[in-house]
>>> print(open('data.txt').read())   # compact mmCIF, N, CA and C atoms
# COMPACT_ATOMS: atom_id res chain seq x y z
N MET D 1 6.72 212.26 -2.47
CA MET D 1 5.99 212.23 -1.21
C MET D 1 5.48 210.82 -0.93
N LEU D 2 4.89 210.19 -1.95
CA LEU D 2 4.35 208.85 -1.78
C LEU D 2 5.48 207.85 -1.52
N LYS D 3 6.61 208.02 -2.21
CA LYS D 3 7.75 207.12 -2.00
C LYS D 3 8.30 207.25 -0.58
N SER D 4 8.41 208.45 -0.08
CA SER D 4 8.95 208.64 1.27
C SER D 4 8.00 208.06 2.32
N THR D 5 6.70 208.16 2.08
CA THR D 5 5.72 207.58 3.00
C THR D 5 5.84 206.06 3.00
N LEU D 6 6.01 205.47 1.84
CA LEU D 6 6.16 204.02 1.74
C LEU D 6 7.46 203.55 2.40
N VAL D 7 8.52 204.32 2.22
CA VAL D 7 9.81 203.98 2.83
C VAL D 7 9.69 204.03 4.36
N ILE D 8 9.05 205.06 4.87
CA ILE D 8 8.89 205.19 6.32
C ILE D 8 8.02 204.06 6.87
N ALA D 9 6.95 203.74 6.17
CA ALA D 9 6.07 202.66 6.61
C ALA D 9 6.81 201.33 6.61
N THR D 10 7.62 201.09 5.59
CA THR D 10 8.39 199.85 5.50
C THR D 10 9.41 199.76 6.64
N LEU D 11 10.08 200.88 6.93
CA LEU D 11 11.06 200.88 8.02
C LEU D 11 10.40 200.64 9.37
N LEU D 12 9.25 201.26 9.58
CA LEU D 12 8.54 201.06 10.85
C LEU D 12 8.07 199.61 11.00
N THR D 13 7.61 199.02 9.91
CA THR D 13 7.19 197.62 9.95
C THR D 13 8.37 196.71 10.26
N ALA D 14 9.50 196.96 9.64
CA ALA D 14 10.69 196.15 9.89
C ALA D 14 11.16 196.31 11.32
N LEU D 15 11.11 197.53 11.85
CA LEU D 15 11.52 197.78 13.22
C LEU D 15 10.59 197.08 14.20
N ALA D 16 9.30 197.15 13.95
CA ALA D 16 8.33 196.49 14.84
C ALA D 16 8.53 194.99 14.82
N GLY D 17 8.83 194.42 13.68
CA GLY D 17 9.06 192.98 13.58
C GLY D 17 10.29 192.55 14.34
N SER D 18 11.36 193.36 14.30
CA SER D 18 12.59 193.00 15.01
C SER D 18 12.41 193.15 16.51
N VAL D 19 11.56 194.07 16.95
CA VAL D 19 11.30 194.22 18.38
C VAL D 19 10.54 193.00 18.89
N GLN D 20 9.57 192.51 18.14
CA GLN D 20 8.82 191.33 18.55
C GLN D 20 9.71 190.10 18.57
N ALA D 21 10.66 190.01 17.69
CA ALA D 21 11.54 188.86 17.63
C ALA D 21 12.48 188.80 18.83
N GLN D 22 12.69 189.93 19.52
CA GLN D 22 13.59 189.96 20.65
C GLN D 22 12.88 189.70 21.97
N ALA D 23 11.63 189.33 21.94
CA ALA D 23 10.90 189.04 23.17
C ALA D 23 11.52 187.80 23.83
N PRO D 24 11.50 187.73 25.16
CA PRO D 24 12.10 186.59 25.85
C PRO D 24 11.37 185.29 25.51
N ALA D 25 12.12 184.20 25.41
CA ALA D 25 11.54 182.92 25.01
C ALA D 25 10.71 182.32 26.14
N ALA D 26 11.20 182.40 27.37
CA ALA D 26 10.49 181.80 28.50
C ALA D 26 10.28 182.88 29.57
N PRO D 27 9.10 182.92 30.14
CA PRO D 27 8.85 183.92 31.17
C PRO D 27 9.66 183.61 32.44
N ALA D 28 10.01 184.66 33.16
CA ALA D 28 10.82 184.51 34.37
C ALA D 28 9.95 184.20 35.59
N ASP D 29 8.65 184.38 35.48
CA ASP D 29 7.74 184.16 36.58
C ASP D 29 7.62 182.66 36.87
N PRO D 30 7.92 182.22 38.10
CA PRO D 30 7.88 180.79 38.39
C PRO D 30 6.47 180.20 38.30
N ILE D 31 5.46 180.99 38.57
CA ILE D 31 4.09 180.49 38.47
C ILE D 31 3.77 180.16 37.01
N VAL D 32 4.16 181.05 36.13
CA VAL D 32 3.91 180.83 34.70
C VAL D 32 4.70 179.61 34.22
N GLN D 33 5.94 179.49 34.64
CA GLN D 33 6.75 178.35 34.25
C GLN D 33 6.13 177.05 34.76
N MET D 34 5.68 177.05 36.00
CA MET D 34 5.06 175.86 36.57
C MET D 34 3.81 175.48 35.79
N ARG D 35 3.00 176.46 35.46
CA ARG D 35 1.77 176.18 34.72
C ARG D 35 2.06 175.65 33.33
N LEU D 36 3.10 176.18 32.69
CA LEU D 36 3.47 175.67 31.37
C LEU D 36 3.94 174.22 31.44
N GLU D 37 4.73 173.91 32.46
CA GLU D 37 5.20 172.54 32.62
C GLU D 37 4.04 171.61 32.98
N MET D 38 3.12 172.08 33.80
CA MET D 38 1.95 171.26 34.15
C MET D 38 1.08 171.03 32.92
N LYS D 39 1.01 172.03 32.07
CA LYS D 39 0.23 171.89 30.83
C LYS D 39 0.81 170.78 29.96
N GLU D 40 2.14 170.71 29.89
CA GLU D 40 2.80 169.64 29.13
C GLU D 40 2.55 168.27 29.76
N VAL D 41 2.62 168.21 31.08
CA VAL D 41 2.35 166.95 31.79
C VAL D 41 0.92 166.51 31.52
N ASP D 42 -0.01 167.44 31.60
CA ASP D 42 -1.42 167.12 31.36
C ASP D 42 -1.65 166.67 29.92
N LYS D 43 -0.97 167.31 28.99
CA LYS D 43 -1.13 166.94 27.57
C LYS D 43 -0.59 165.54 27.32
N THR D 44 0.52 165.21 27.92
CA THR D 44 1.08 163.86 27.77
C THR D 44 0.11 162.82 28.31
N TYR D 45 -0.46 163.10 29.48
CA TYR D 45 -1.45 162.19 30.07
C TYR D 45 -2.66 162.05 29.16
N SER D 46 -3.13 163.16 28.65
CA SER D 46 -4.32 163.16 27.78
C SER D 46 -4.06 162.35 26.51
N ASP D 47 -2.88 162.49 25.93
CA ASP D 47 -2.55 161.75 24.72
C ASP D 47 -2.51 160.24 24.99
N LYS D 48 -1.89 159.86 26.10
CA LYS D 48 -1.83 158.43 26.45
C LYS D 48 -3.22 157.88 26.74
N ARG D 49 -4.04 158.66 27.43
CA ARG D 49 -5.39 158.23 27.76
C ARG D 49 -6.22 158.04 26.50
N LYS D 50 -6.03 158.93 25.55
CA LYS D 50 -6.77 158.84 24.29
C LYS D 50 -6.41 157.57 23.54
N VAL D 51 -5.14 157.20 23.52
CA VAL D 51 -4.71 155.99 22.84
C VAL D 51 -5.37 154.76 23.47
N ILE D 52 -5.33 154.69 24.79
CA ILE D 52 -5.91 153.55 25.51
C ILE D 52 -7.42 153.48 25.28
N THR D 53 -8.08 154.60 25.37
CA THR D 53 -9.53 154.64 25.19
C THR D 53 -9.91 154.31 23.76
N ASP D 54 -9.16 154.81 22.80
CA ASP D 54 -9.46 154.53 21.40
C ASP D 54 -9.30 153.04 21.07
N GLU D 55 -8.31 152.38 21.68
CA GLU D 55 -8.14 150.94 21.47
C GLU D 55 -9.38 150.20 21.93
N ARG D 56 -9.86 150.54 23.11
CA ARG D 56 -11.04 149.87 23.65
C ARG D 56 -12.27 150.17 22.80
N LYS D 57 -12.44 151.42 22.42
CA LYS D 57 -13.59 151.79 21.58
C LYS D 57 -13.57 151.04 20.26
N ALA D 58 -12.39 150.82 19.69
CA ALA D 58 -12.28 150.10 18.42
C ALA D 58 -12.73 148.64 18.60
N LYS D 59 -12.32 148.02 19.70
CA LYS D 59 -12.74 146.64 19.97
C LYS D 59 -14.25 146.56 20.14
N VAL D 60 -14.81 147.50 20.89
CA VAL D 60 -16.25 147.52 21.15
C VAL D 60 -17.01 147.74 19.85
N LYS D 61 -16.56 148.67 19.03
CA LYS D 61 -17.24 148.96 17.77
C LYS D 61 -17.17 147.77 16.83
N ALA D 62 -16.03 147.12 16.75
CA ALA D 62 -15.88 145.96 15.87
C ALA D 62 -16.83 144.84 16.29
N ALA D 63 -16.92 144.60 17.58
CA ALA D 63 -17.82 143.56 18.07
C ALA D 63 -19.28 143.92 17.79
N GLY D 64 -19.63 145.17 18.00
CA GLY D 64 -21.00 145.63 17.73
C GLY D 64 -21.35 145.53 16.25
N ASP D 65 -20.42 145.93 15.39
CA ASP D 65 -20.67 145.85 13.95
C ASP D 65 -20.84 144.40 13.49
N ALA D 66 -19.98 143.52 14.01
CA ALA D 66 -20.08 142.10 13.64
C ALA D 66 -21.40 141.50 14.12
N ALA D 67 -21.80 141.82 15.33
CA ALA D 67 -23.05 141.29 15.88
C ALA D 67 -24.26 141.83 15.12
N ALA D 68 -24.23 143.09 14.75
CA ALA D 68 -25.34 143.68 14.00
C ALA D 68 -25.44 143.06 12.61
N ALA D 69 -24.30 142.85 11.96
CA ALA D 69 -24.31 142.23 10.64
C ALA D 69 -24.82 140.80 10.71
N ASP D 70 -24.40 140.07 11.73
CA ASP D 70 -24.85 138.69 11.91
C ASP D 70 -26.35 138.64 12.20
N ALA D 71 -26.82 139.55 13.02
CA ALA D 71 -28.24 139.59 13.35
C ALA D 71 -29.08 139.96 12.13
N THR D 72 -28.59 140.87 11.33
CA THR D 72 -29.31 141.26 10.11
C THR D 72 -29.39 140.07 9.15
N ALA D 73 -28.29 139.31 9.05
CA ALA D 73 -28.27 138.15 8.18
C ALA D 73 -29.25 137.08 8.65
N LYS D 74 -29.42 136.96 9.95
CA LYS D 74 -30.33 135.95 10.52
C LYS D 74 -31.76 136.45 10.61
N GLY D 75 -31.98 137.73 10.37
CA GLY D 75 -33.32 138.30 10.45
C GLY D 75 -33.71 138.75 11.85
N ALA D 76 -32.74 138.85 12.74
CA ALA D 76 -32.99 139.29 14.11
C ALA D 76 -32.82 140.82 14.20
N GLU D 77 -33.11 141.34 15.35
CA GLU D 77 -33.01 142.79 15.59
C GLU D 77 -31.53 143.18 15.73
N PRO D 78 -30.97 143.97 14.79
CA PRO D 78 -29.55 144.32 14.84
C PRO D 78 -29.20 145.24 16.01
N GLY D 79 -30.11 146.12 16.40
CA GLY D 79 -29.81 147.04 17.50
C GLY D 79 -29.62 146.32 18.83
N VAL D 80 -30.45 145.34 19.06
CA VAL D 80 -30.34 144.55 20.30
C VAL D 80 -29.06 143.74 20.29
N ALA D 81 -28.75 143.12 19.16
CA ALA D 81 -27.53 142.33 19.05
C ALA D 81 -26.30 143.20 19.25
N ARG D 82 -26.32 144.40 18.66
CA ARG D 82 -25.20 145.32 18.82
C ARG D 82 -25.02 145.70 20.29
N ARG D 83 -26.13 146.08 20.93
CA ARG D 83 -26.06 146.49 22.34
C ARG D 83 -25.51 145.38 23.21
N ASN D 84 -25.99 144.16 23.02
CA ASN D 84 -25.54 143.04 23.84
C ASN D 84 -24.07 142.71 23.60
N ALA D 85 -23.65 142.74 22.35
CA ALA D 85 -22.25 142.44 22.03
C ALA D 85 -21.32 143.52 22.59
N GLU D 86 -21.72 144.78 22.45
CA GLU D 86 -20.89 145.86 22.98
C GLU D 86 -20.78 145.79 24.49
N ALA D 87 -21.87 145.47 25.16
CA ALA D 87 -21.83 145.35 26.63
C ALA D 87 -20.91 144.21 27.05
N LYS D 88 -20.96 143.11 26.30
CA LYS D 88 -20.12 141.96 26.62
C LYS D 88 -18.63 142.30 26.46
N VAL D 89 -18.29 142.99 25.37
CA VAL D 89 -16.89 143.35 25.12
C VAL D 89 -16.42 144.38 26.14
N LYS D 90 -17.28 145.34 26.48
CA LYS D 90 -16.90 146.33 27.50
C LYS D 90 -16.60 145.65 28.82
N ALA D 91 -17.43 144.70 29.19
CA ALA D 91 -17.21 143.99 30.46
C ALA D 91 -15.94 143.16 30.42
N SER D 92 -15.65 142.54 29.27
CA SER D 92 -14.46 141.70 29.19
C SER D 92 -13.17 142.51 29.11
N THR D 93 -13.23 143.74 28.62
CA THR D 93 -12.01 144.55 28.51
C THR D 93 -11.85 145.54 29.66
N LYS D 94 -12.78 145.54 30.59
CA LYS D 94 -12.74 146.52 31.69
C LYS D 94 -11.49 146.39 32.54
N ALA D 95 -11.14 145.18 32.94
CA ALA D 95 -9.98 144.99 33.81
C ALA D 95 -8.69 145.44 33.12
N GLU D 96 -8.53 145.07 31.85
CA GLU D 96 -7.33 145.47 31.11
C GLU D 96 -7.26 147.00 30.97
N HIS D 97 -8.39 147.61 30.62
CA HIS D 97 -8.47 149.06 30.44
C HIS D 97 -8.17 149.77 31.76
N ASP D 98 -8.78 149.30 32.84
CA ASP D 98 -8.56 149.93 34.14
C ASP D 98 -7.10 149.80 34.59
N GLY D 99 -6.48 148.66 34.29
CA GLY D 99 -5.07 148.47 34.64
C GLY D 99 -4.17 149.45 33.90
N LYS D 100 -4.42 149.64 32.60
CA LYS D 100 -3.62 150.59 31.82
C LYS D 100 -3.85 152.02 32.30
N MET D 101 -5.10 152.34 32.62
CA MET D 101 -5.42 153.69 33.11
C MET D 101 -4.74 153.95 34.45
N LYS D 102 -4.70 152.94 35.30
CA LYS D 102 -4.06 153.09 36.61
C LYS D 102 -2.57 153.44 36.44
N VAL D 103 -1.94 152.80 35.48
CA VAL D 103 -0.51 153.04 35.23
C VAL D 103 -0.29 154.48 34.78
N ILE D 104 -1.07 154.94 33.80
CA ILE D 104 -0.82 156.30 33.31
C ILE D 104 -1.27 157.36 34.32
N LYS D 105 -2.25 157.05 35.16
CA LYS D 105 -2.63 158.00 36.21
C LYS D 105 -1.50 158.14 37.22
N LYS D 106 -0.83 157.03 37.53
CA LYS D 106 0.31 157.08 38.45
C LYS D 106 1.45 157.88 37.83
N GLU D 107 1.71 157.66 36.54
CA GLU D 107 2.75 158.43 35.85
C GLU D 107 2.42 159.92 35.88
N HIS D 108 1.16 160.26 35.66
CA HIS D 108 0.73 161.66 35.67
C HIS D 108 0.92 162.27 37.05
N ALA D 109 0.51 161.53 38.08
CA ALA D 109 0.65 162.04 39.45
C ALA D 109 2.13 162.24 39.81
N ASP D 110 2.96 161.30 39.41
CA ASP D 110 4.40 161.42 39.70
C ASP D 110 5.01 162.61 38.97
N ALA D 111 4.66 162.79 37.71
CA ALA D 111 5.20 163.92 36.94
C ALA D 111 4.71 165.25 37.51
N ALA D 112 3.45 165.29 37.93
CA ALA D 112 2.92 166.52 38.53
C ALA D 112 3.61 166.82 39.86
N ALA D 113 3.92 165.79 40.62
CA ALA D 113 4.62 165.99 41.89
C ALA D 113 6.03 166.53 41.66
N VAL D 114 6.68 166.07 40.62
CA VAL D 114 8.03 166.57 40.30
C VAL D 114 7.97 168.05 39.94
N VAL D 115 6.97 168.42 39.16
CA VAL D 115 6.84 169.84 38.76
C VAL D 115 6.53 170.67 39.98
N LYS D 116 5.64 170.23 40.84
CA LYS D 116 5.28 171.00 42.02
C LYS D 116 6.44 171.11 43.00
N LYS D 117 7.27 170.06 43.06
CA LYS D 117 8.43 170.09 43.94
C LYS D 117 9.49 171.05 43.38
N LYS D 118 9.54 171.16 42.06
CA LYS D 118 10.50 172.05 41.40
C LYS D 118 10.19 173.52 41.69
N TYR D 119 8.91 173.83 41.87
CA TYR D 119 8.48 175.20 42.12
C TYR D 119 7.71 175.25 43.45
N PRO D 120 8.39 175.13 44.58
CA PRO D 120 7.65 175.09 45.85
C PRO D 120 7.04 176.42 46.24
N ALA D 121 7.60 177.52 45.80
CA ALA D 121 7.07 178.84 46.20
C ALA D 121 5.89 179.26 45.32
N ALA D 122 5.75 178.64 44.20
CA ALA D 122 4.68 179.00 43.27
C ALA D 122 3.38 178.34 43.71
N LYS D 123 2.40 179.14 44.00
CA LYS D 123 1.09 178.61 44.38
C LYS D 123 0.12 178.95 43.28
N THR D 124 -0.70 177.98 42.92
CA THR D 124 -1.64 178.20 41.82
C THR D 124 -2.87 178.92 42.29
>>> encode(input="data.txt", output="structure tokens")
Amino acid sequence: MLKSTLVIATLLTALAGSVQAQAPAAPADPIVQMRLEMKEVDKTYSDKRKVITDERKAKVKAAGDAAAADATAKGAEPGVARRNAEAKVKASTKAEHDGKMKVIKKEHADAAAVVKKKYPAAKT
């Protein structure tokens, strides 16, 4: 009795697993497809933005750390030195950062337009 119950349970589990494996890979609904493609476009933009922002943050942090260490060595207030150095680096890297951001924002807008043009009937 116990063996037959285990055999039946095993067969049902195997059958349920094969049914799940046969599910369609991509949905046929154009709205869902458009949203999935937009999600990929947004993720690409987010990844590129993170790289650009992290580069700038690293420069700002390095300048702040160096200024704080120098101020501590001289006996000055390290917090003030850090704040001033970070503000200076942020101001000097603003144009470069904004230029890179403008480029990836344009790429994002263009990619989003392509996806929206691909699915004109799909409204979000």
>>> residues_around(input="data.txt", residues="region 80-94 of chain D", least_positions_apart="3", cutoff="5 Å", atoms="all atoms listed in the file", output="JSON, numbers by chain")
{"D": [64, 67, 68, 77, 97, 98]}
>>> atom_distance(input="data.txt", atom1="CA of Lys118 (chain D)", atom2="CA of Lys102 (chain D)")
24.4 Å
>>> atom_distance(input="data.txt", atom1="CA of Val60 (chain D)", atom2="CA of Lys48 (chain D)")
18.8 Å
>>> closest_residue(input="data.txt", among="D:Thr72, D:Gln33, D:Met38, D:Arg49", to="Ile104 (chain D)", atoms="all atoms listed in the file")
D:Arg49
>>> atom_distance(input="data.txt", atom1="CA of Glu55 (chain D)", atom2="CA of Ala76 (chain D)")
28.4 Å
>>> residues_near_point(input="data.txt", point="(2.7, 169.0, 35.4)", cutoff="6.5 Å", atoms="only N, CA and C atoms", output="list in words")
Glu37, Met38, Lys39, Glu40, Val41, Asp42, Ala111, Ala112, Ala113, Val115 and Lys116 of chain D
